[in-house]
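First up is the structure itself, then whatever we jot down about it.
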2 protein chains.
Amino acid sequence: MLSRSEENYLKAIFHLRIEKNSAVSTTELAEHLNTKPSSVTDMLQRLNSNKWVDYRKYRGVILSRNGEQAALKIIRKHRLWEVFLVEHLNFSWDEVHEVAEQLEHIQSEQLTSSLDQFLNFPKYDPHGDPIPDATLQLSRRTKKLLSNFKRKECGVCIGVKDSSADFLKVLDRLSISLGSEIQIIDIEEFDQSMRIAVDGQQKYISTKIASNLYLNPI
Amino acid sequence: MLSRSEENYLKAIFHLRIEKNSAVSTTELAEHLNTKPSSVTDMLQRLNSNKWVDYRKYRGVILSRNGEQAALKIIRKHRLWEVFLVEHLNFSWDEVHEVAEQLEHIQSEQLTSSLDQFLNFPKYDPHGDPIPDATLQLSRRTKKLLSNFKRKECGVCIGVKDSSADFLKVLDRLSISLGSEIQIIDIEEFDQSMRIAVDGQQKYISTKIASNLYLNPI
DNA sequence: ATCATTTTTTAGATTCATCTAAATTTATAT
DNA sequence: ATATAAATTTAGATGAATCTAAAAAATGAT
């Protein structure tokens with residue numbers, strides 16, 4: 001069985017791999033996990049010899065089939081718990097992450113599947129990220145950063161790229177949440193900042209905000 | 001902060017202390033925690049130097065004020081999660097323990113108090129054990145083993161002494177659950193086995209069963 | 001009160017996950 | 001192409017939590 005630490009490594013590799021689409025480097029992992037490159041090397045050697053990852057000295061690491069399945073199981077639990085916390089325990093979307101980081105390590109198939117059922121088999125978590133189903137399949141839908149939209153275009157908010165508490169609080173202040181309908185009214189040539197309508201209400205937003213918000217184009 | 005292992009020691013000391021009402025010995029702890037006496041000694045020395053327990057060489061251990069509060073917090077979480085699992089995720093009362101053993105270590109005041117509220121501030125868990133409230137106070141009520149009842153006496157089932165899955169399954173088979181009204185019809189002189197009525201239905205039960213079932217006398 | 005038995009502690013080793021410092025390999029810039 | 005910088009790995013150490021084996025203390029039976 002995987003230790004908690006091994007689980008965290010697999011999850012980190014999974015996430016970094018998606019962001020970059022190439023093998024994940026020791027340093028990246030170390031930064032992501034708040035640890036030192038030398039510790040990462042140690043762990044990668046262990047994970048490699050147990051066939052959870054494919055790791056080559058100096059060349060980075062990718063998940064094996066088993067490692068990917070393991071990572072998906074953890075992500076499934078993480079996101080299901082996030083839904084539970086937000087929908088039933090009144091957590092706000094910037095408060096869930098830390099607790100879900102702990103809950104994702106609970107080992108019980110029965111718990112995971114009952115929770116899934118209790119929540120009515122949700123497909124997306126409170127940040128709009130897809131929840132792997134019981135067979136570990138992920139739903140996919142077109143998502144485009146708001147910053148890539150043009151004047152007059154429209155979309156529904158379906159997720160965030162940066163899910164830091166700071167950013168999520170900004171969105172709360174702008175009354176932007178999952179499902180909000182957003183239309184681009186104008187884009188400032190000078191700095192690419194945008195004037196948008198959120199469910200009809202006009203707002204000004206910076207490029208940084210626009211480049212962290214995912215919309216599903218209408 | 002306490003490690004998971006330290007938390008388990010404090011909880012074990014708390015439980016064993018209640019059963020015995022005297023200082024808890026190294027060997028008892030080792031048995032309860034499935035570990036070796038020498039490991040227990042090590043841990044007790046650490047817990048002692050951090051003031052979680054009062055431990056004297058060769059004399060056993062009791063919890064300090066802090067240690068007791070810490071133990072109660074863990075027990076509170078354990079029992080709240082048991083209620084959640086049974087009432088909302090359809091776990092049976094013999095399935096909850098193992099999962100609750102994991103969930104009790106999740107660190108989040110907000111989670112504990114929201115869960116408490118979500119469950120409507122339950123006072124007892126699915127085995128009838130009292131749940132410490134937010135101030136860590138335990139409800140108390142008279143409970144008497146069924147084996148100590150006399151002919152004709154009556155009571156309501158409020159808990160079990162042995163909460164092993166095996167015993168709980170026996171109770172399920174006898175349709176005895178928390179809240180069941182039980183009357184002693186007859187006691188066999190020879191072996192103290194009992195004929196009882198459970199919510200009106202007559203059943204035969206062994207002394208061993210009777211001495212593991214708590215009733216609140218009517 | 002003494003000795004055998006039981007319990008407990010100490011000493012020393014092991015594994016996991018981490019660290020720092022040094023060595024090595026790869027990448028980059030001229 | 002080579003030197004310098006950056007990234008990575010290795011070597012050796014540490015602390016938590018455990019173990020086994022040996023030593024020490026407490027208990028209990030005569």
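Every chain in the structure tokens takes a letter, A first, then B, and so on in the order presented; its residues are numbered from 1, and the ligands are numbered from 1 following the presented order.
Taking only C-alpha atoms (C1' of nucleotides), the non-local environment of range 18-23 of chain D within 10 Å (same-chain residues fewer than 6 positions away omitted) comprises Thr35, Lys36, Ser38, Ser39, Val40 and Asp42 of chain B; DT9, DT10, DA11, DG12, DA13, DT14 and DT15 of chain C.
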Now that the selection is made, can you save its residues with N, CA and C atoms (P, O5', C5', C4', C3', O3' and C1' of nucleotides) as a PDB file, in the first residue's frame?
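again-v3.pdb, freshly written:
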```pdb
ATOM      1  N   THR B  35       1.232  -3.412  19.583  1.00  0.00           N
ATOM      2  CA  THR B  35       2.628  -3.045  19.463  1.00  0.00           C
ATOM      3  C   THR B  35       3.377  -3.689  20.629  1.00  0.00           C
ATOM      4  N   LYS B  36       4.673  -3.424  20.758  1.00  0.00           N
ATOM      5  CA  LYS B  36       5.468  -4.073  21.798  1.00  0.00           C
ATOM      6  C   LYS B  36       5.641  -3.155  23.002  1.00  0.00           C
ATOM      7  N   SER B  38       8.144  -2.351  24.641  1.00  0.00           N
ATOM      8  CA  SER B  38       9.290  -1.444  24.554  1.00  0.00           C
ATOM      9  C   SER B  38       8.956  -0.199  23.734  1.00  0.00           C
ATOM     10  N   SER B  39       8.149  -0.379  22.697  1.00  0.00           N
ATOM     11  CA  SER B  39       7.737   0.787  21.905  1.00  0.00           C
ATOM     12  C   SER B  39       6.869   1.707  22.750  1.00  0.00           C
ATOM     13  N   VAL B  40       6.016   1.088  23.568  1.00  0.00           N
ATOM     14  CA  VAL B  40       5.132   1.885  24.417  1.00  0.00           C
ATOM     15  C   VAL B  40       5.959   2.720  25.392  1.00  0.00           C
ATOM     16  N   ASP B  42       8.959   3.875  25.097  1.00  0.00           N
ATOM     17  CA  ASP B  42       9.517   5.003  24.352  1.00  0.00           C
ATOM     18  C   ASP B  42       8.507   6.128  24.199  1.00  0.00           C
TER      19      ASP B  42
ATOM     20  P    DT C   9       8.110   1.169  32.045  1.00  0.00           P
ATOM     21  O5'  DT C   9       9.675   0.992  31.771  1.00  0.00           O
ATOM     22  C5'  DT C   9      10.569   1.004  32.886  1.00  0.00           C
ATOM     23  C4'  DT C   9      11.978   0.735  32.401  1.00  0.00           C
ATOM     24  C3'  DT C   9      12.486   1.722  31.357  1.00  0.00           C
ATOM     25  O3'  DT C   9      13.689   2.281  31.871  1.00  0.00           O
ATOM     26  C1'  DT C   9      12.907  -0.515  30.682  1.00  0.00           C
ATOM     27  P    DT C  10      14.463   3.410  31.069  1.00  0.00           P
ATOM     28  O5'  DT C  10      15.624   2.586  30.351  1.00  0.00           O
ATOM     29  C5'  DT C  10      16.537   1.849  31.154  1.00  0.00           C
ATOM     30  C4'  DT C  10      17.503   1.114  30.250  1.00  0.00           C
ATOM     31  C3'  DT C  10      18.191   1.989  29.201  1.00  0.00           C
ATOM     32  O3'  DT C  10      19.573   1.685  29.269  1.00  0.00           O
ATOM     33  C1'  DT C  10      17.246   0.081  28.190  1.00  0.00           C
ATOM     34  P    DA C  11      20.628   2.619  28.488  1.00  0.00           P
ATOM     35  O5'  DA C  11      21.233   1.632  27.398  1.00  0.00           O
ATOM     36  C5'  DA C  11      21.261   0.222  27.627  1.00  0.00           C
ATOM     37  C4'  DA C  11      21.639  -0.479  26.321  1.00  0.00           C
ATOM     38  C3'  DA C  11      22.259   0.427  25.261  1.00  0.00           C
ATOM     39  O3'  DA C  11      23.305  -0.301  24.639  1.00  0.00           O
ATOM     40  C1'  DA C  11      20.330  -0.592  24.378  1.00  0.00           C
ATOM     41  P    DG C  12      24.216   0.372  23.472  1.00  0.00           P
ATOM     42  O5'  DG C  12      23.660  -0.304  22.151  1.00  0.00           O
ATOM     43  C5'  DG C  12      23.462  -1.719  22.100  1.00  0.00           C
ATOM     44  C4'  DG C  12      22.808  -2.065  20.779  1.00  0.00           C
ATOM     45  C3'  DG C  12      23.275  -1.166  19.628  1.00  0.00           C
ATOM     46  O3'  DG C  12      23.400  -1.969  18.463  1.00  0.00           O
ATOM     47  C1'  DG C  12      20.956  -1.053  19.814  1.00  0.00           C
ATOM     48  P    DA C  13      23.776  -1.319  17.013  1.00  0.00           P
ATOM     49  O5'  DA C  13      22.571  -1.779  16.087  1.00  0.00           O
ATOM     50  C5'  DA C  13      22.067  -3.114  16.225  1.00  0.00           C
ATOM     51  C4'  DA C  13      20.847  -3.270  15.343  1.00  0.00           C
ATOM     52  C3'  DA C  13      20.984  -2.607  13.974  1.00  0.00           C
ATOM     53  O3'  DA C  13      20.513  -3.498  12.970  1.00  0.00           O
ATOM     54  C1'  DA C  13      19.061  -1.784  15.093  1.00  0.00           C
ATOM     55  P    DT C  14      20.384  -3.069  11.442  1.00  0.00           P
ATOM     56  O5'  DT C  14      18.861  -2.603  11.295  1.00  0.00           O
ATOM     57  C5'  DT C  14      17.809  -3.545  11.474  1.00  0.00           C
ATOM     58  C4'  DT C  14      16.512  -2.929  10.961  1.00  0.00           C
ATOM     59  C3'  DT C  14      16.660  -2.230   9.604  1.00  0.00           C
ATOM     60  O3'  DT C  14      15.577  -2.603   8.774  1.00  0.00           O
ATOM     61  C1'  DT C  14      15.737  -0.748  11.186  1.00  0.00           C
ATOM     62  P    DT C  15      15.637  -2.312   7.186  1.00  0.00           P
ATOM     63  O5'  DT C  15      14.340  -1.418   6.938  1.00  0.00           O
ATOM     64  C5'  DT C  15      13.121  -1.657   7.646  1.00  0.00           C
ATOM     65  C4'  DT C  15      12.228  -0.435   7.495  1.00  0.00           C
ATOM     66  C3'  DT C  15      12.408   0.311   6.155  1.00  0.00           C
ATOM     67  O3'  DT C  15      11.112   0.641   5.674  1.00  0.00           O
ATOM     68  C1'  DT C  15      12.705   1.802   7.952  1.00  0.00           C
TER      69       DT C  15
END
```
Compile a residue-level contact table for chain B against chain C at a cut-off of 9 Å, reporting for every qualifying residue the shortest atom pair and its distance in Å to one decimal, with only C-alpha atoms (C1' of nucleotides) counted, rows ordered by chain and ascending number, as a Markdown table.
```
| residue | atom | partner | partner_atom | distance |
| --- | --- | --- | --- | --- |
| B:Thr26 | CA | C:DT8 | C1' | 7.3 |
| B:Thr27 | CA | C:DT7 | C1' | 7.7 |
| B:Pro37 | CA | C:DT8 | C1' | 7.6 |
| B:Ser38 | CA | C:DT9 | C1' | 7.2 |
| B:Thr41 | CA | C:DT9 | C1' | 7.2 |
| B:Lys57 | CA | C:DT8 | C1' | 7.9 |
| B:Tyr58 | CA | C:DT8 | C1' | 5.9 |
```
Residues near Gln102 in chain B, anyone? I mean within 9 Å using only C-alpha atoms (C1' of nucleotides), not counting same-chain ones fewer than 4 positions away, as a ChimeraX atom specification. /A:106-107 /B:78,97-98,106
Any chance you could list, as a VMD selection string, the residues in range 11-188 of chain A that come up strand (DSSP E or B) when DSSP is run on the backbone? chain A and resid 24 53 to 56 60 to 63 124 130 144 to 145 154 to 160 181 to 187
Using the selection just defined, write its residues with N, CA and C atoms as a PDB file, in the first residue's frame.
```pdb
ATOM      1  N   VAL A  24       8.127  15.355 -15.767  1.00  0.00           N
ATOM      2  CA  VAL A  24       8.198  16.314 -14.669  1.00  0.00           C
ATOM      3  C   VAL A  24       9.601  16.268 -14.060  1.00  0.00           C
ATOM      4  N   VAL A  53       5.980   4.726 -11.156  1.00  0.00           N
ATOM      5  CA  VAL A  53       6.379   5.773 -12.096  1.00  0.00           C
ATOM      6  C   VAL A  53       7.455   5.232 -13.024  1.00  0.00           C
ATOM      7  N   ASP A  54       7.670   5.984 -14.086  1.00  0.00           N
ATOM      8  CA  ASP A  54       8.783   5.685 -14.966  1.00  0.00           C
ATOM      9  C   ASP A  54       9.751   6.854 -14.816  1.00  0.00           C
ATOM     10  N   TYR A  55      10.856   6.577 -14.165  1.00  0.00           N
ATOM     11  CA  TYR A  55      11.802   7.630 -13.813  1.00  0.00           C
ATOM     12  C   TYR A  55      13.181   7.301 -14.371  1.00  0.00           C
ATOM     13  N   ARG A  56      13.794   8.265 -15.060  1.00  0.00           N
ATOM     14  CA  ARG A  56      15.165   8.097 -15.552  1.00  0.00           C
ATOM     15  C   ARG A  56      16.018   9.214 -14.969  1.00  0.00           C
ATOM     16  N   GLY A  60      13.770  13.281 -15.610  1.00  0.00           N
ATOM     17  CA  GLY A  60      12.409  13.525 -15.163  1.00  0.00           C
ATOM     18  C   GLY A  60      11.598  12.255 -15.005  1.00  0.00           C
ATOM     19  N   VAL A  61      10.313  12.426 -14.704  1.00  0.00           N
ATOM     20  CA  VAL A  61       9.480  11.293 -14.331  1.00  0.00           C
ATOM     21  C   VAL A  61       8.091  11.414 -14.935  1.00  0.00           C
ATOM     22  N   ILE A  62       7.483  10.304 -15.292  1.00  0.00           N
ATOM     23  CA  ILE A  62       6.060  10.272 -15.643  1.00  0.00           C
ATOM     24  C   ILE A  62       5.417   9.115 -14.881  1.00  0.00           C
ATOM     25  N   LEU A  63       4.111   9.133 -14.774  1.00  0.00           N
ATOM     26  CA  LEU A  63       3.409   8.069 -14.059  1.00  0.00           C
ATOM     27  C   LEU A  63       3.313   6.821 -14.926  1.00  0.00           C
ATOM     28  N   TYR A 124     -18.362  17.560 -11.516  1.00  0.00           N
ATOM     29  CA  TYR A 124     -17.365  18.618 -11.345  1.00  0.00           C
ATOM     30  C   TYR A 124     -17.305  19.050  -9.888  1.00  0.00           C
ATOM     31  N   PRO A 130     -13.027  18.424 -13.140  1.00  0.00           N
ATOM     32  CA  PRO A 130     -13.806  17.194 -13.318  1.00  0.00           C
ATOM     33  C   PRO A 130     -13.467  16.147 -12.248  1.00  0.00           C
ATOM     34  N   LYS A 144     -11.834  27.458 -22.116  1.00  0.00           N
ATOM     35  CA  LYS A 144     -10.949  28.422 -22.738  1.00  0.00           C
ATOM     36  C   LYS A 144     -10.740  29.515 -21.708  1.00  0.00           C
ATOM     37  N   LEU A 145      -9.519  29.991 -21.583  1.00  0.00           N
ATOM     38  CA  LEU A 145      -9.275  31.082 -20.642  1.00  0.00           C
ATOM     39  C   LEU A 145     -10.002  32.344 -21.104  1.00  0.00           C
ATOM     40  N   CYS A 154     -19.042  35.238 -25.672  1.00  0.00           N
ATOM     41  CA  CYS A 154     -19.768  34.879 -24.454  1.00  0.00           C
ATOM     42  C   CYS A 154     -19.322  33.511 -23.947  1.00  0.00           C
ATOM     43  N   GLY A 155     -19.466  33.298 -22.643  1.00  0.00           N
ATOM     44  CA  GLY A 155     -19.184  31.970 -22.105  1.00  0.00           C
ATOM     45  C   GLY A 155     -19.732  31.822 -20.700  1.00  0.00           C
ATOM     46  N   VAL A 156     -19.733  30.567 -20.233  1.00  0.00           N
ATOM     47  CA  VAL A 156     -20.173  30.305 -18.859  1.00  0.00           C
ATOM     48  C   VAL A 156     -18.939  29.920 -18.046  1.00  0.00           C
ATOM     49  N   CYS A 157     -18.817  30.511 -16.892  1.00  0.00           N
ATOM     50  CA  CYS A 157     -17.669  30.212 -16.041  1.00  0.00           C
ATOM     51  C   CYS A 157     -17.722  28.749 -15.589  1.00  0.00           C
ATOM     52  N   ILE A 158     -16.668  27.984 -15.907  1.00  0.00           N
ATOM     53  CA  ILE A 158     -16.663  26.571 -15.517  1.00  0.00           C
ATOM     54  C   ILE A 158     -15.444  26.161 -14.716  1.00  0.00           C
ATOM     55  N   GLY A 159     -14.580  27.114 -14.393  1.00  0.00           N
ATOM     56  CA  GLY A 159     -13.431  26.714 -13.594  1.00  0.00           C
ATOM     57  C   GLY A 159     -12.401  27.799 -13.441  1.00  0.00           C
ATOM     58  N   VAL A 160     -11.419  27.516 -12.606  1.00  0.00           N
ATOM     59  CA  VAL A 160     -10.324  28.456 -12.392  1.00  0.00           C
ATOM     60  C   VAL A 160      -9.010  27.745 -12.640  1.00  0.00           C
ATOM     61  N   GLU A 181     -22.691  33.703 -16.232  1.00  0.00           N
ATOM     62  CA  GLU A 181     -22.609  33.934 -17.671  1.00  0.00           C
ATOM     63  C   GLU A 181     -21.834  35.219 -17.899  1.00  0.00           C
ATOM     64  N   ILE A 182     -20.809  35.115 -18.719  1.00  0.00           N
ATOM     65  CA  ILE A 182     -19.914  36.254 -18.899  1.00  0.00           C
ATOM     66  C   ILE A 182     -19.830  36.649 -20.363  1.00  0.00           C
ATOM     67  N   GLN A 183     -20.016  37.970 -20.614  1.00  0.00           N
ATOM     68  CA  GLN A 183     -19.842  38.469 -21.972  1.00  0.00           C
ATOM     69  C   GLN A 183     -18.743  39.526 -21.978  1.00  0.00           C
ATOM     70  N   ILE A 184     -17.874  39.465 -22.998  1.00  0.00           N
ATOM     71  CA  ILE A 184     -16.817  40.462 -23.106  1.00  0.00           C
ATOM     72  C   ILE A 184     -17.390  41.695 -23.788  1.00  0.00           C
ATOM     73  N   ILE A 185     -17.348  42.810 -23.078  1.00  0.00           N
ATOM     74  CA  ILE A 185     -17.888  44.033 -23.645  1.00  0.00           C
ATOM     75  C   ILE A 185     -16.801  44.779 -24.391  1.00  0.00           C
ATOM     76  N   ASP A 186     -15.630  44.872 -23.762  1.00  0.00           N
ATOM     77  CA  ASP A 186     -14.550  45.621 -24.384  1.00  0.00           C
ATOM     78  C   ASP A 186     -13.202  45.140 -23.853  1.00  0.00           C
ATOM     79  N   ILE A 187     -12.191  45.232 -24.717  1.00  0.00           N
ATOM     80  CA  ILE A 187     -10.844  44.885 -24.272  1.00  0.00           C
ATOM     81  C   ILE A 187      -9.950  46.088 -24.455  1.00  0.00           C
TER      82      ILE A 187
END
```
Can you check which residues of chain B have any atom within 7 Å of chain A? Use only C-alpha atoms and format it as a count of residues only. 8
Quick one: residues within 8 Å of Phe14 in chain B, only C-alpha atoms (C1' of nucleotides) counted, chain neighbours fewer than 2 positions away excluded, as number ranges by chain? B: 10-12, 16-18, 62-63, 68, 71
Same residues, all heavy atoms, saved as a PDB file, in the first residue's frame:
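Output below, filename part32.pdb:
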```pdb
ATOM      1  N   LEU B  10      -2.934   8.502  23.186  1.00  0.00           N
ATOM      2  CA  LEU B  10      -3.770   9.247  24.140  1.00  0.00           C
ATOM      3  C   LEU B  10      -5.172   8.645  24.200  1.00  0.00           C
ATOM      4  O   LEU B  10      -5.744   8.462  25.280  1.00  0.00           O
ATOM      5  CB  LEU B  10      -3.853  10.724  23.743  1.00  0.00           C
ATOM      6  CG  LEU B  10      -2.542  11.511  23.815  1.00  0.00           C
ATOM      7  CD1 LEU B  10      -2.784  12.970  23.489  1.00  0.00           C
ATOM      8  CD2 LEU B  10      -1.883  11.375  25.193  1.00  0.00           C
ATOM      9  N   LYS B  11      -5.700   8.344  23.035  1.00  0.00           N
ATOM     10  CA  LYS B  11      -7.045   7.766  22.989  1.00  0.00           C
ATOM     11  C   LYS B  11      -7.064   6.423  23.715  1.00  0.00           C
ATOM     12  O   LYS B  11      -7.982   6.137  24.504  1.00  0.00           O
ATOM     13  CB  LYS B  11      -7.446   7.586  21.519  1.00  0.00           C
ATOM     14  CG  LYS B  11      -8.899   7.268  21.313  1.00  0.00           C
ATOM     15  CD  LYS B  11      -9.252   7.293  19.826  1.00  0.00           C
ATOM     16  CE  LYS B  11      -8.382   6.378  19.002  1.00  0.00           C
ATOM     17  NZ  LYS B  11      -9.139   5.400  18.179  1.00  0.00           N
ATOM     18  N   ALA B  12      -6.064   5.602  23.467  1.00  0.00           N
ATOM     19  CA  ALA B  12      -6.012   4.287  24.106  1.00  0.00           C
ATOM     20  C   ALA B  12      -5.919   4.429  25.621  1.00  0.00           C
ATOM     21  O   ALA B  12      -6.598   3.715  26.379  1.00  0.00           O
ATOM     22  CB  ALA B  12      -4.829   3.498  23.569  1.00  0.00           C
ATOM     23  N   LEU B  16      -8.674   2.837  28.191  1.00  0.00           N
ATOM     24  CA  LEU B  16      -8.264   1.821  29.159  1.00  0.00           C
ATOM     25  C   LEU B  16      -8.420   2.344  30.582  1.00  0.00           C
ATOM     26  O   LEU B  16      -8.802   1.604  31.487  1.00  0.00           O
ATOM     27  CB  LEU B  16      -6.811   1.399  28.901  1.00  0.00           C
ATOM     28  CG  LEU B  16      -6.605   0.617  27.601  1.00  0.00           C
ATOM     29  CD1 LEU B  16      -5.128   0.416  27.320  1.00  0.00           C
ATOM     30  CD2 LEU B  16      -7.315  -0.734  27.674  1.00  0.00           C
ATOM     31  N   ARG B  17      -8.150   3.613  30.765  1.00  0.00           N
ATOM     32  CA  ARG B  17      -8.287   4.232  32.074  1.00  0.00           C
ATOM     33  C   ARG B  17      -9.733   4.140  32.578  1.00  0.00           C
ATOM     34  O   ARG B  17      -9.999   3.856  33.737  1.00  0.00           O
ATOM     35  CB  ARG B  17      -7.858   5.693  31.970  1.00  0.00           C
ATOM     36  CG  ARG B  17      -8.025   6.495  33.220  1.00  0.00           C
ATOM     37  CD  ARG B  17      -7.080   5.971  34.278  1.00  0.00           C
ATOM     38  NE  ARG B  17      -7.588   6.208  35.604  1.00  0.00           N
ATOM     39  CZ  ARG B  17      -7.368   7.289  36.332  1.00  0.00           C
ATOM     40  NH1 ARG B  17      -6.581   8.228  35.878  1.00  0.00           N
ATOM     41  NH2 ARG B  17      -7.899   7.417  37.524  1.00  0.00           N
ATOM     42  N   ILE B  18     -10.693   4.355  31.677  1.00  0.00           N
ATOM     43  CA  ILE B  18     -12.101   4.285  32.066  1.00  0.00           C
ATOM     44  C   ILE B  18     -12.495   2.865  32.441  1.00  0.00           C
ATOM     45  O   ILE B  18     -13.183   2.645  33.442  1.00  0.00           O
ATOM     46  CB  ILE B  18     -12.997   4.795  30.911  1.00  0.00           C
ATOM     47  CG1 ILE B  18     -12.957   6.324  30.895  1.00  0.00           C
ATOM     48  CG2 ILE B  18     -14.432   4.309  31.067  1.00  0.00           C
ATOM     49  CD1 ILE B  18     -13.755   6.946  29.782  1.00  0.00           C
ATOM     50  N   ILE B  62      -1.240   7.921  33.391  1.00  0.00           N
ATOM     51  CA  ILE B  62      -2.574   8.529  33.268  1.00  0.00           C
ATOM     52  C   ILE B  62      -2.446   9.788  32.418  1.00  0.00           C
ATOM     53  O   ILE B  62      -1.342  10.305  32.228  1.00  0.00           O
ATOM     54  CB  ILE B  62      -3.193   8.901  34.638  1.00  0.00           C
ATOM     55  CG1 ILE B  62      -2.277   9.866  35.385  1.00  0.00           C
ATOM     56  CG2 ILE B  62      -3.474   7.663  35.473  1.00  0.00           C
ATOM     57  CD1 ILE B  62      -2.882  10.425  36.651  1.00  0.00           C
ATOM     58  N   LEU B  63      -3.572  10.267  31.892  1.00  0.00           N
ATOM     59  CA  LEU B  63      -3.547  11.471  31.064  1.00  0.00           C
ATOM     60  C   LEU B  63      -3.417  12.711  31.932  1.00  0.00           C
ATOM     61  O   LEU B  63      -3.966  12.766  33.033  1.00  0.00           O
ATOM     62  CB  LEU B  63      -4.833  11.567  30.244  1.00  0.00           C
ATOM     63  CG  LEU B  63      -5.044  10.492  29.168  1.00  0.00           C
ATOM     64  CD1 LEU B  63      -6.403  10.664  28.512  1.00  0.00           C
ATOM     65  CD2 LEU B  63      -3.932  10.541  28.130  1.00  0.00           C
ATOM     66  N   GLU B  68      -6.069  14.694  28.340  1.00  0.00           N
ATOM     67  CA  GLU B  68      -7.469  14.286  28.368  1.00  0.00           C
ATOM     68  C   GLU B  68      -8.293  15.108  27.378  1.00  0.00           C
ATOM     69  O   GLU B  68      -9.130  14.571  26.648  1.00  0.00           O
ATOM     70  CB  GLU B  68      -8.039  14.448  29.776  1.00  0.00           C
ATOM     71  CG  GLU B  68      -9.456  13.939  29.876  1.00  0.00           C
ATOM     72  CD  GLU B  68      -9.952  13.928  31.310  1.00  0.00           C
ATOM     73  OE1 GLU B  68      -9.563  13.008  32.049  1.00  0.00           O
ATOM     74  OE2 GLU B  68     -10.699  14.863  31.697  1.00  0.00           O
ATOM     75  N   ALA B  71      -7.568  13.823  23.974  1.00  0.00           N
ATOM     76  CA  ALA B  71      -8.252  12.544  23.737  1.00  0.00           C
ATOM     77  C   ALA B  71      -9.731  12.779  23.452  1.00  0.00           C
ATOM     78  O   ALA B  71     -10.309  12.172  22.541  1.00  0.00           O
ATOM     79  CB  ALA B  71      -8.073  11.622  24.941  1.00  0.00           C
TER      80      ALA B  71
END
```
Counting only C-alpha atoms (C1' of nucleotides), collect the residues of chain D whose closest atom lies at most 10 Å from chain A, and write them out as a list in words.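 Only these qualify: DA7, DT8, DT9 and DT10 of chain D.
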So that I can check the surroundings of Met1 in chain B, please list as a compact mmCIF listing (two decimals) with all heavy atoms, in the first residue's frame every protein, DNA and RNA residue that reaches within 12 Å of it, counting only C-alpha atoms (C1' of nucleotides) and ignoring chain neighbours fewer than 4 positions away.
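File written: out_9.txt
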```txt
# COMPACT_ATOMS: atom_id res chain seq x y z
N SER B 5 0.25 8.90 15.64
CA SER B 5 0.57 7.85 16.59
C SER B 5 0.37 8.33 18.03
O SER B 5 -0.20 7.62 18.86
CB SER B 5 2.02 7.43 16.35
OG SER B 5 2.33 6.34 17.13
N GLU B 6 0.81 9.54 18.30
CA GLU B 6 0.60 10.10 19.64
C GLU B 6 -0.89 10.18 19.96
O GLU B 6 -1.33 9.86 21.07
CB GLU B 6 1.25 11.48 19.73
CG GLU B 6 2.77 11.42 19.76
CD GLU B 6 3.44 12.78 19.58
OE1 GLU B 6 2.89 13.65 18.87
OE2 GLU B 6 4.53 12.98 20.13
N GLU B 7 -1.67 10.61 18.98
CA GLU B 7 -3.12 10.68 19.18
C GLU B 7 -3.69 9.31 19.55
O GLU B 7 -4.52 9.19 20.45
CB GLU B 7 -3.82 11.22 17.93
CG GLU B 7 -3.55 12.69 17.66
CD GLU B 7 -4.55 13.32 16.67
OE1 GLU B 7 -5.23 12.57 15.93
OE2 GLU B 7 -4.64 14.55 16.65
N LEU B 47 5.63 11.41 25.40
CA LEU B 47 4.38 12.07 25.78
C LEU B 47 4.52 12.72 27.15
O LEU B 47 3.97 13.78 27.42
CB LEU B 47 3.22 11.07 25.79
CG LEU B 47 2.76 10.57 24.41
CD1 LEU B 47 1.75 9.44 24.56
CD2 LEU B 47 2.16 11.71 23.60
N ASN B 50 6.42 15.98 27.01
CA ASN B 50 5.60 17.06 26.44
C ASN B 50 4.34 17.33 27.25
O ASN B 50 3.43 18.02 26.79
CB ASN B 50 5.23 16.74 25.00
CG ASN B 50 6.45 16.68 24.11
OD1 ASN B 50 7.36 17.48 24.24
ND2 ASN B 50 6.49 15.69 23.22
N TRP B 52 1.74 15.55 28.05
CA TRP B 52 0.43 15.04 27.65
C TRP B 52 -0.05 13.98 28.64
O TRP B 52 -1.25 13.71 28.74
CB TRP B 52 0.48 14.41 26.26
CG TRP B 52 0.78 15.40 25.18
CD1 TRP B 52 1.95 15.54 24.51
CD2 TRP B 52 -0.10 16.40 24.67
NE1 TRP B 52 1.86 16.57 23.61
CE2 TRP B 52 0.61 17.11 23.68
CE3 TRP B 52 -1.43 16.77 24.94
CZ2 TRP B 52 0.04 18.17 22.96
CZ3 TRP B 52 -1.99 17.82 24.22
CH2 TRP B 52 -1.26 18.50 23.25
N ALA B 70 -7.18 16.50 24.69
CA ALA B 70 -6.81 16.04 23.35
C ALA B 70 -7.53 14.74 23.01
O ALA B 70 -8.06 14.58 21.90
CB ALA B 70 -5.29 15.86 23.25
N HIS B 105 -8.68 11.57 12.75
CA HIS B 105 -7.41 12.29 12.79
C HIS B 105 -7.39 13.53 11.91
O HIS B 105 -6.39 14.25 11.86
CB HIS B 105 -6.25 11.37 12.41
CG HIS B 105 -6.09 10.22 13.35
ND1 HIS B 105 -5.64 10.38 14.64
CD2 HIS B 105 -6.36 8.90 13.23
CE1 HIS B 105 -5.62 9.20 15.26
NE2 HIS B 105 -6.06 8.29 14.42
N GLN B 107 -7.62 17.13 10.88
CA GLN B 107 -7.44 18.34 11.70
C GLN B 107 -8.16 19.51 11.07
O GLN B 107 -7.67 20.06 10.08
CB GLN B 107 -5.95 18.69 11.80
CG GLN B 107 -5.05 17.58 12.27
CD GLN B 107 -5.07 17.40 13.78
OE1 GLN B 107 -5.77 18.15 14.48
NE2 GLN B 107 -4.34 16.43 14.29
```
